[in-house]
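See below for data_37.cif, which holds mmCIF, C-alpha atoms and all ligand atoms.
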```
data_query
#
loop_
_atom_site.label_atom_id
_atom_site.label_comp_id
_atom_site.auth_asym_id
_atom_site.auth_seq_id
_atom_site.Cartn_x
_atom_site.Cartn_y
_atom_site.Cartn_z
CA MET O 77 -13.19 5.54 14.94
CA SER O 78 -13.95 5.30 11.20
CA THR O 79 -11.61 3.47 8.84
CA THR O 80 -11.38 3.40 5.05
CA ILE O 81 -9.38 0.70 3.29
CA ILE O 82 -8.06 1.73 -0.13
CA ILE O 83 -7.46 -1.16 -2.50
CA PRO O 84 -6.14 -0.66 -6.04
CA ILE O 85 -7.35 -3.49 -8.25
CA TYR O 86 -6.22 -4.73 -11.62
CA ASN O 87 -7.52 -8.17 -12.63
CA GLU O 88 -8.52 -9.28 -9.15
CA ALA O 89 -11.94 -10.75 -9.95
CA LYS O 90 -11.07 -14.05 -8.28
CA ASN O 91 -10.08 -12.34 -5.05
CA LEU O 92 -12.84 -9.75 -4.61
CA PRO O 93 -15.71 -12.06 -3.58
CA ARG O 94 -13.54 -13.49 -0.79
CA LEU O 95 -11.80 -10.30 0.21
CA VAL O 96 -14.84 -8.11 0.83
CA PRO O 97 -16.55 -10.34 3.43
CA ALA O 98 -13.21 -10.91 5.15
CA LEU O 99 -12.76 -7.16 5.54
CA LEU O 100 -16.34 -6.17 6.31
CA SER O 101 -16.52 -8.74 9.11
CA LEU O 102 -13.53 -7.29 10.95
CA ALA O 103 -14.21 -5.97 14.42
CA LEU O 104 -13.50 -2.36 13.47
CA PRO O 105 -16.26 0.21 13.79
CA ASP O 106 -17.45 2.12 10.73
CA LEU O 107 -15.24 0.35 8.19
CA ASN O 108 -15.48 1.23 4.49
CA ILE O 109 -13.68 0.07 1.36
CA LEU O 110 -12.56 2.17 -1.61
CA PHE O 111 -11.56 0.25 -4.74
CA ILE O 112 -9.58 1.93 -7.50
CA ASP O 113 -10.01 -0.04 -10.72
CA ASP O 114 -8.13 0.68 -13.92
CA ASN O 115 -10.64 -0.82 -16.32
CA SER O 116 -9.43 -4.36 -15.57
CA PRO O 117 -9.89 -6.64 -18.58
CA ASP O 118 -11.22 -9.39 -16.29
CA GLY O 119 -14.19 -7.26 -15.23
CA SER O 120 -13.00 -6.51 -11.67
CA GLY O 121 -14.52 -3.02 -11.91
CA GLU O 122 -18.03 -4.27 -12.72
CA LEU O 123 -17.72 -7.01 -10.12
CA ALA O 124 -16.69 -4.48 -7.49
CA GLU O 125 -19.79 -2.40 -8.37
CA LYS O 126 -21.98 -5.45 -7.97
CA ILE O 127 -20.49 -6.27 -4.57
CA ALA O 128 -20.87 -2.61 -3.59
CA ALA O 129 -24.57 -2.74 -4.42
CA GLU O 130 -24.93 -5.79 -2.16
CA ASN O 131 -23.32 -3.89 0.72
CA PRO O 132 -25.02 -0.50 0.63
CA GLY O 133 -23.00 2.42 1.94
CA ARG O 134 -19.86 0.46 2.68
CA ILE O 135 -18.02 0.19 -0.63
CA GLN O 136 -17.06 2.82 -3.16
CA VAL O 137 -15.55 2.05 -6.55
CA GLU O 138 -13.51 4.54 -8.52
CA HIS O 139 -12.92 3.78 -12.19
CA ARG O 140 -10.05 4.97 -14.35
CA GLN O 141 -9.75 4.57 -18.10
CA GLY O 142 -6.78 2.22 -18.21
CA LYS O 143 -3.83 0.84 -16.25
CA MET O 144 -2.16 3.86 -14.71
CA GLY O 145 -0.07 2.26 -11.97
CA LEU O 146 -0.23 1.64 -8.27
CA GLY O 147 1.17 4.96 -7.08
CA SER O 148 -1.33 7.20 -8.86
CA ALA O 149 -4.13 4.87 -7.74
CA TYR O 150 -3.11 5.42 -4.12
CA VAL O 151 -2.76 9.17 -4.49
CA LEU O 152 -6.27 9.33 -5.95
CA GLY O 153 -7.56 7.12 -3.13
CA TYR O 154 -5.89 9.20 -0.41
CA GLY O 155 -7.41 12.40 -1.82
CA LEU O 156 -10.92 10.94 -2.05
CA THR O 157 -10.68 9.51 1.46
CA LEU O 158 -9.55 12.81 2.93
CA GLU O 159 -12.76 14.33 1.57
CA THR O 160 -14.65 11.99 3.93
CA ASP O 161 -14.40 11.95 7.70
CA ALA O 162 -12.41 8.69 7.88
CA GLN O 163 -9.97 8.81 10.79
CA TYR O 164 -7.80 5.84 9.82
CA VAL O 165 -6.79 5.20 6.21
CA CYS O 166 -5.55 1.73 5.36
CA GLN O 167 -4.02 0.54 2.07
CA MET O 168 -3.53 -3.04 0.95
CA ASP O 169 -3.33 -5.47 -1.97
CA ALA O 170 -6.47 -7.30 -3.05
CA ASP O 171 -4.77 -10.69 -3.26
CA PHE O 172 -4.59 -11.80 0.42
CA SER O 173 -0.84 -11.36 0.63
CA HIS O 174 -1.82 -8.66 3.12
CA PRO O 175 -3.88 -10.61 5.67
CA PRO O 176 -7.24 -8.98 6.46
CA ASP O 177 -7.04 -10.14 10.08
CA LYS O 178 -3.93 -7.98 10.59
CA VAL O 179 -5.80 -4.77 9.79
CA PRO O 180 -6.95 -4.35 13.43
CA GLU O 181 -3.31 -4.64 14.53
CA LEU O 182 -2.36 -1.76 12.26
CA ALA O 183 -5.21 0.22 13.83
CA ALA O 184 -3.93 -0.71 17.29
CA LYS O 185 -0.55 0.83 16.39
CA LEU O 186 -2.29 4.08 15.60
CA GLU O 187 -4.21 3.84 18.87
CA GLU O 188 -0.82 3.60 20.59
CA GLY O 189 0.09 6.96 19.10
CA CYS O 190 1.76 6.21 15.78
CA ASP O 191 0.93 8.33 12.72
CA LEU O 192 1.70 5.58 10.26
CA ALA O 193 1.71 1.82 10.82
CA LEU O 194 3.65 -0.30 8.34
CA GLY O 195 2.94 -3.97 7.89
CA SER O 196 6.43 -5.46 7.99
CA ARG O 197 7.77 -8.76 6.72
CA TYR O 198 11.21 -8.15 8.20
CA VAL O 199 10.63 -7.55 11.89
CA PRO O 200 10.56 -10.52 14.28
CA GLY O 201 7.30 -12.38 13.74
CA GLY O 202 7.07 -11.33 10.09
CA ALA O 203 8.03 -13.41 7.05
CA VAL O 204 7.51 -13.85 3.33
CA ALA O 205 5.85 -16.86 1.71
CA GLU O 206 8.13 -19.90 1.60
CA ASN O 207 6.86 -20.59 -1.89
CA TRP O 208 7.74 -17.13 -3.18
CA PRO O 209 10.28 -17.66 -5.96
CA MET O 210 13.89 -17.17 -4.88
CA TRP O 211 14.30 -14.14 -7.17
CA ARG O 212 11.29 -12.44 -5.59
CA LYS O 213 12.56 -13.12 -2.05
CA SER O 214 16.03 -11.85 -2.86
CA LEU O 215 14.67 -8.85 -4.69
CA SER O 216 12.48 -7.88 -1.78
CA ARG O 217 15.29 -8.32 0.77
CA PHE O 218 17.82 -6.55 -1.38
CA GLY O 219 15.36 -3.80 -2.32
CA ASN O 220 14.75 -3.07 1.34
CA PHE O 221 18.41 -3.11 2.21
CA TYR O 222 19.30 -0.91 -0.78
CA ALA O 223 16.59 1.64 -0.08
CA SER O 224 17.21 1.82 3.67
CA ALA O 225 20.95 2.18 3.18
CA ILE O 226 20.77 4.93 0.58
CA LEU O 227 18.02 6.83 2.35
CA SER O 228 19.21 6.14 5.93
CA LEU O 229 15.71 4.92 6.65
CA PRO O 230 15.29 3.30 10.07
CA LEU O 231 12.56 0.97 8.79
CA SER O 232 12.61 -2.78 8.26
CA ASP O 233 10.15 -2.89 5.38
CA SER O 234 9.97 0.33 3.39
CA THR O 235 8.89 -1.34 0.13
CA GLY O 236 5.74 -2.95 1.49
CA GLY O 237 2.26 -1.82 0.53
CA PHE O 238 0.30 -2.82 3.66
CA ARG O 239 -0.08 0.35 5.71
CA MET O 240 -2.42 2.43 7.83
CA TRP O 241 -2.35 6.18 8.25
CA ARG O 242 -3.76 8.49 10.82
CA ARG O 243 -5.88 10.96 8.89
CA GLU O 244 -4.02 14.07 10.11
CA ALA O 245 -0.68 12.56 9.11
CA LEU O 246 -1.90 11.63 5.65
CA ALA O 247 -3.24 15.15 5.17
CA LYS O 248 0.23 16.57 5.88
CA MET O 249 1.93 14.51 3.18
CA PRO O 250 2.96 16.49 0.10
CA PHE O 251 1.83 13.92 -2.46
CA GLU O 252 2.22 16.43 -5.27
CA ARG O 253 5.99 15.91 -4.86
CA VAL O 254 5.80 12.19 -5.59
CA VAL O 255 7.63 11.13 -8.74
CA SER O 256 7.42 7.33 -8.66
CA ASN O 257 4.44 5.31 -9.71
CA GLY O 258 5.56 1.68 -9.61
CA TYR O 259 6.93 -0.08 -6.56
CA ALA O 260 9.32 2.74 -5.73
CA PHE O 261 6.20 4.66 -4.73
CA GLN O 262 6.06 2.90 -1.37
CA VAL O 263 9.68 3.75 -0.63
CA GLU O 264 9.29 7.35 -1.71
CA VAL O 265 6.25 7.85 0.51
CA ALA O 266 7.91 6.14 3.49
CA TYR O 267 10.94 8.40 3.08
CA MET O 268 8.83 11.56 2.94
CA ALA O 269 6.90 10.42 6.01
CA HIS O 270 10.15 9.80 7.87
CA LYS O 271 11.64 13.17 6.86
CA LEU O 272 8.45 14.94 7.95
CA GLY O 273 8.92 13.43 11.38
CA LEU O 274 5.87 11.16 11.41
CA ARG O 275 5.88 8.54 14.12
CA ILE O 276 6.15 5.28 12.21
CA GLY O 277 5.49 1.88 13.77
CA GLU O 278 5.90 -1.57 12.24
CA VAL O 279 3.58 -4.54 12.68
CA PRO O 280 4.89 -8.00 11.74
CA PHE O 281 2.89 -10.02 9.25
CA TYR O 282 3.27 -13.08 7.10
CA PHE O 283 3.22 -12.12 3.41
CA ALA O 284 1.47 -15.03 1.71
CA ASP O 285 1.86 -15.55 -2.01
CA ARG O 286 -1.22 -14.60 -3.96
CA LYS O 287 -3.48 -17.61 -4.56
CA TRP O 288 -5.28 -16.27 -7.63
CA GLY O 289 -4.20 -14.04 -10.45
CA GLN O 290 -0.81 -12.64 -11.22
CA SER O 291 1.55 -10.11 -9.73
CA LYS O 292 2.06 -7.00 -11.84
CA MET O 293 5.73 -6.86 -10.85
CA SER O 294 7.88 -6.55 -13.98
CA LEU O 295 11.51 -5.96 -14.88
CA SER O 296 10.80 -2.35 -15.87
CA ILE O 297 9.16 -1.70 -12.48
CA GLN O 298 12.25 -3.09 -10.73
CA ILE O 299 14.63 -1.02 -12.83
CA GLU O 300 12.57 2.07 -12.10
CA ALA O 301 12.74 1.29 -8.39
CA ALA O 302 16.54 1.04 -8.40
CA TRP O 303 17.26 4.46 -9.89
CA ARG O 304 14.26 6.20 -8.37
CA VAL O 305 15.69 5.71 -4.89
CA TRP O 306 18.45 8.16 -5.78
CA GLN O 307 16.00 10.68 -7.20
CA VAL O 308 13.85 10.28 -4.09
CA LEU O 309 16.92 11.02 -1.94
CA PHE O 310 17.94 14.17 -3.80
CA ARG O 311 14.41 15.56 -4.06
CA ASN O 312 13.41 15.01 -0.45
CA ARG O 313 16.46 15.06 1.73
CA GLY O 314 15.74 18.69 2.61
CA LEU O 315 12.21 17.96 3.87
CA ARG O 316 11.75 18.93 7.51
CA PRO O 317 8.99 18.43 10.05
CA GLY O 318 6.51 21.29 9.90
CA GLY O 319 7.39 22.50 6.41
CA ASP O 320 8.24 21.38 2.87
N1 LIG O 401 -5.81 0.23 -10.15
C1 LIG O 401 -4.63 -0.38 -10.28
N2 LIG O 401 -3.77 0.03 -11.28
N3 LIG O 401 -4.29 -1.38 -9.44
C2 LIG O 401 -3.10 -1.98 -9.60
C3 LIG O 401 -2.18 -1.62 -10.60
C4 LIG O 401 -2.55 -0.56 -11.49
O1 LIG O 401 -1.83 -0.15 -12.40
N4 LIG O 401 -1.06 -2.41 -10.48
C5 LIG O 401 -1.31 -3.25 -9.44
N5 LIG O 401 -2.54 -3.00 -8.93
C6 LIG O 401 -3.18 -3.62 -7.75
C7 LIG O 401 -3.24 -5.13 -7.75
O2 LIG O 401 -4.42 -5.61 -8.34
C8 LIG O 401 -3.14 -5.45 -6.26
O3 LIG O 401 -4.39 -5.37 -5.61
C9 LIG O 401 -2.22 -4.33 -5.74
O4 LIG O 401 -2.39 -3.26 -6.65
C10 LIG O 401 -0.72 -4.73 -5.68
O5 LIG O 401 -0.31 -5.28 -6.92
P1 LIG O 401 0.39 -6.72 -7.00
O6 LIG O 401 0.62 -7.03 -8.42
O7 LIG O 401 -0.37 -7.72 -6.17
O8 LIG O 401 1.77 -6.39 -6.30
P2 LIG O 401 2.83 -7.39 -5.63
O9 LIG O 401 2.16 -8.35 -4.74
O10 LIG O 401 3.72 -7.89 -6.70
O11 LIG O 401 3.65 -6.33 -4.75
C11 LIG O 401 3.31 -6.02 -3.40
O12 LIG O 401 4.47 -6.04 -2.63
C12 LIG O 401 5.42 -5.04 -2.97
C13 LIG O 401 6.63 -5.19 -2.09
O13 LIG O 401 7.14 -6.48 -2.16
C14 LIG O 401 2.63 -4.63 -3.32
O14 LIG O 401 2.09 -4.47 -2.01
C15 LIG O 401 3.58 -3.50 -3.58
O15 LIG O 401 2.94 -2.26 -3.26
C16 LIG O 401 4.83 -3.68 -2.75
O16 LIG O 401 5.76 -2.67 -3.11
MN MN O 402 0.17 -8.59 -4.28
#
```
Can the structure from this file be put into structure tokens for me?
Amino acid sequence: MSTTIIIPIYNEAKNLPRLVPALLSLALPDLNILFIDDNSPDGSGELAEKIAAENPGRIQVEHRQGKMGLGSAYVLGYGLTLETDAQYVCQMDADFSHPPDKVPELAAKLEEGCDLALGSRYVPGGAVAENWPMWRKSLSRFGNFYASAILSLPLSDSTGGFRMWRREALAKMPFERVVSNGYAFQVEVAYMAHKLGLRIGEVPFYFADRKWGQSKMSLSIQIEAAWRVWQVLFRNRGLRPGGD
């Protein structure tokens, strides 16, 4: 079973040398990494190329001209991965808030028959970092509550970015419909997946605060997320399994 892990990176040079060995040593057969770098000022793109050269055939690096956002990075990564024969397609942050050792548990959910496995901070056994600032904790909790309520989403953590897709399910997703690019992207995609009838499972994990570098979360990204949820509802509420 081959797996590709898509990781958007923007100023993650401190994390990459630790992250790659942690992922490549996982007990998953035929595991590859795809980095999407947006010309990070800290040289993450060049560093990723160097690490790729040290691990022949296992790491691919895609470069974009400038910071274009998380959502479009994922859509690019999904498309490139679907051109390969990867069976499982994982997505995660580069900063260790998504624990590498939980990746096999996401894969196990797919083995059980799920189409999409969500890493979840809000199912029993999951949690967010104690040292996350209060505003970030509240925002994440409230964001999840707000999105689930408006979209009637039966998911505990629809805003999270730690996920794994079964290839066939990912290929069915109409990503050309996606309108959000910031953090609302995760919610929009989860909603489309739910409306299309994908079998979605949740795996608890502990979301650690990043040790190095900075979050790209900003006020404008949060404001976008709040109103986007309504747009996501009106655009996609007619989606049905088997058609769009
Ligand atoms: N290429 C690229 N371009 N990468 C980006 C960009 C961008 O514009 N913005 C962020 N990234 C990368 C970061 O380098 C990191 O690897 C990952 O995408 C997530 O960004 P973070 O800045 O670490 O996000 P976060 O930790 O604040 O937010 C996480 O949790 C949210 C829910 O609480 C992410 O997983 C979000 O997707 C999630 O919605
Ligand atoms: Mn992060």
Which is closest to Pro97 (chain O) among O:Lys248, O:Val279, O:Pro176, O:Val265, if we use only C-alpha atoms?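 Under the stated criterion, the closest residue is O:Pro176.
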Contacts of Arg311 (chain O) at 12 Å (only C-alpha atoms; same-chain gap of 6+ positions) as a PyMOL selection string: chain O and resi 227+253-256+264+267-268+271+304-305+320
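Counting only C-alpha atoms, Glu188 (chain O) has the following residues at most 12 Å away, ignoring those fewer than 3 positions along the same chain: Glu181, Leu182, Ala183, Ala184, Lys185, Asp191, Leu192, Ala193, Arg242, Arg275, Ile276, Gly277 and Glu278 of chain O.
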Output file for the residues above (C-alpha atoms, as a short mmCIF file (atom, residue, chain, number, x, y, z; two decimals), in the frame of the given file):
```cif
data_model
loop_
_atom_site.label_atom_id
_atom_site.label_comp_id
_atom_site.auth_asym_id
_atom_site.auth_seq_id
_atom_site.Cartn_x
_atom_site.Cartn_y
_atom_site.Cartn_z
CA GLU O 181 -3.31 -4.64 14.53
CA LEU O 182 -2.36 -1.76 12.26
CA ALA O 183 -5.21 0.22 13.83
CA ALA O 184 -3.93 -0.71 17.29
CA LYS O 185 -0.55 0.83 16.39
CA ASP O 191 0.93 8.33 12.72
CA LEU O 192 1.70 5.58 10.26
CA ALA O 193 1.71 1.82 10.82
CA ARG O 242 -3.76 8.49 10.82
CA ARG O 275 5.88 8.54 14.12
CA ILE O 276 6.15 5.28 12.21
CA GLY O 277 5.49 1.88 13.77
CA GLU O 278 5.90 -1.57 12.24
#
```
If you count all atoms listed in the file, which residues end up within 7 Å of ligand MN 402 (chain O), as a PyMOL selection string? chain O and resi 169-171+173+286+291
What's the separation between CA of Ile299 (chain O) and CA of Leu215 (chain O), in Å to one decimal place? 11.3 Å
Check which residues fall inside 8 Å of ligand LIG 401 (chain O) when counting only C-alpha atoms and all ligand atoms, and print them as number ranges by chain. O: 83-88, 111-116, 140, 142-149, 168-171, 173-174, 216, 235-238, 258-263, 285-286, 290-293
Which residues are near Ala247 (chain O)? Cut-off 9 Å, all atoms listed in the file, ignore same chain within fewer than 2 positions. Put them as a PyMOL selection string. chain O and resi 154-155+158+242-245+249-250
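Comparing the minimum interatomic distances between Ala266 (chain O) and each of O:Met240, O:Leu229, O:Ala162, O:Leu295, counting only C-alpha atoms, we find that O:Leu229 sits nearest.
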Kindly write region 183-196 of chain O with N, CA, C and O atoms to a file, as a short mmCIF file (atom, residue, chain, number, x, y, z; two decimals), in the first residue's frame.
```cif
data_model
loop_
_atom_site.label_atom_id
_atom_site.label_comp_id
_atom_site.auth_asym_id
_atom_site.auth_seq_id
_atom_site.Cartn_x
_atom_site.Cartn_y
_atom_site.Cartn_z
N ALA O 183 -3.78 5.65 8.62
CA ALA O 183 -3.80 4.59 7.59
C ALA O 183 -4.66 3.41 8.06
O ALA O 183 -5.41 2.83 7.27
N ALA O 184 -4.58 3.11 9.35
CA ALA O 184 -5.36 1.99 9.88
C ALA O 184 -6.86 2.26 9.74
O ALA O 184 -7.65 1.34 9.47
N LYS O 185 -7.26 3.52 9.88
CA LYS O 185 -8.68 3.88 9.68
C LYS O 185 -9.12 3.59 8.26
O LYS O 185 -10.25 3.15 8.01
N LEU O 186 -8.24 3.87 7.32
CA LEU O 186 -8.57 3.58 5.92
C LEU O 186 -8.64 2.07 5.71
O LEU O 186 -9.52 1.57 5.00
N GLU O 187 -7.72 1.36 6.34
CA GLU O 187 -7.75 -0.11 6.25
C GLU O 187 -9.08 -0.66 6.74
O GLU O 187 -9.59 -1.65 6.25
N GLU O 188 -9.64 0.03 7.75
CA GLU O 188 -10.93 -0.42 8.31
C GLU O 188 -12.08 -0.14 7.36
O GLU O 188 -13.21 -0.55 7.62
N GLY O 189 -11.83 0.64 6.33
CA GLY O 189 -12.90 0.90 5.36
C GLY O 189 -13.30 2.35 5.20
O GLY O 189 -14.18 2.65 4.40
N CYS O 190 -12.68 3.24 5.96
CA CYS O 190 -13.02 4.66 5.78
C CYS O 190 -12.41 5.19 4.48
O CYS O 190 -11.41 4.69 3.99
N ASP O 191 -13.04 6.24 3.94
CA ASP O 191 -12.51 6.92 2.76
C ASP O 191 -11.60 8.07 3.15
O ASP O 191 -10.72 8.47 2.40
N LEU O 192 -11.91 8.63 4.31
CA LEU O 192 -11.17 9.80 4.78
C LEU O 192 -11.01 9.67 6.29
O LEU O 192 -11.99 9.44 6.99
N ALA O 193 -9.78 9.77 6.76
CA ALA O 193 -9.52 9.73 8.21
C ALA O 193 -9.09 11.12 8.65
O ALA O 193 -8.17 11.70 8.07
N LEU O 194 -9.78 11.66 9.65
CA LEU O 194 -9.44 12.99 10.17
C LEU O 194 -8.71 12.83 11.49
O LEU O 194 -9.21 12.14 12.38
N GLY O 195 -7.57 13.46 11.63
CA GLY O 195 -6.97 13.57 12.94
C GLY O 195 -7.85 14.51 13.75
O GLY O 195 -8.21 15.58 13.26
N SER O 196 -8.25 14.11 14.94
CA SER O 196 -9.20 14.94 15.69
C SER O 196 -8.70 15.25 17.10
O SER O 196 -8.28 14.37 17.83
#
```
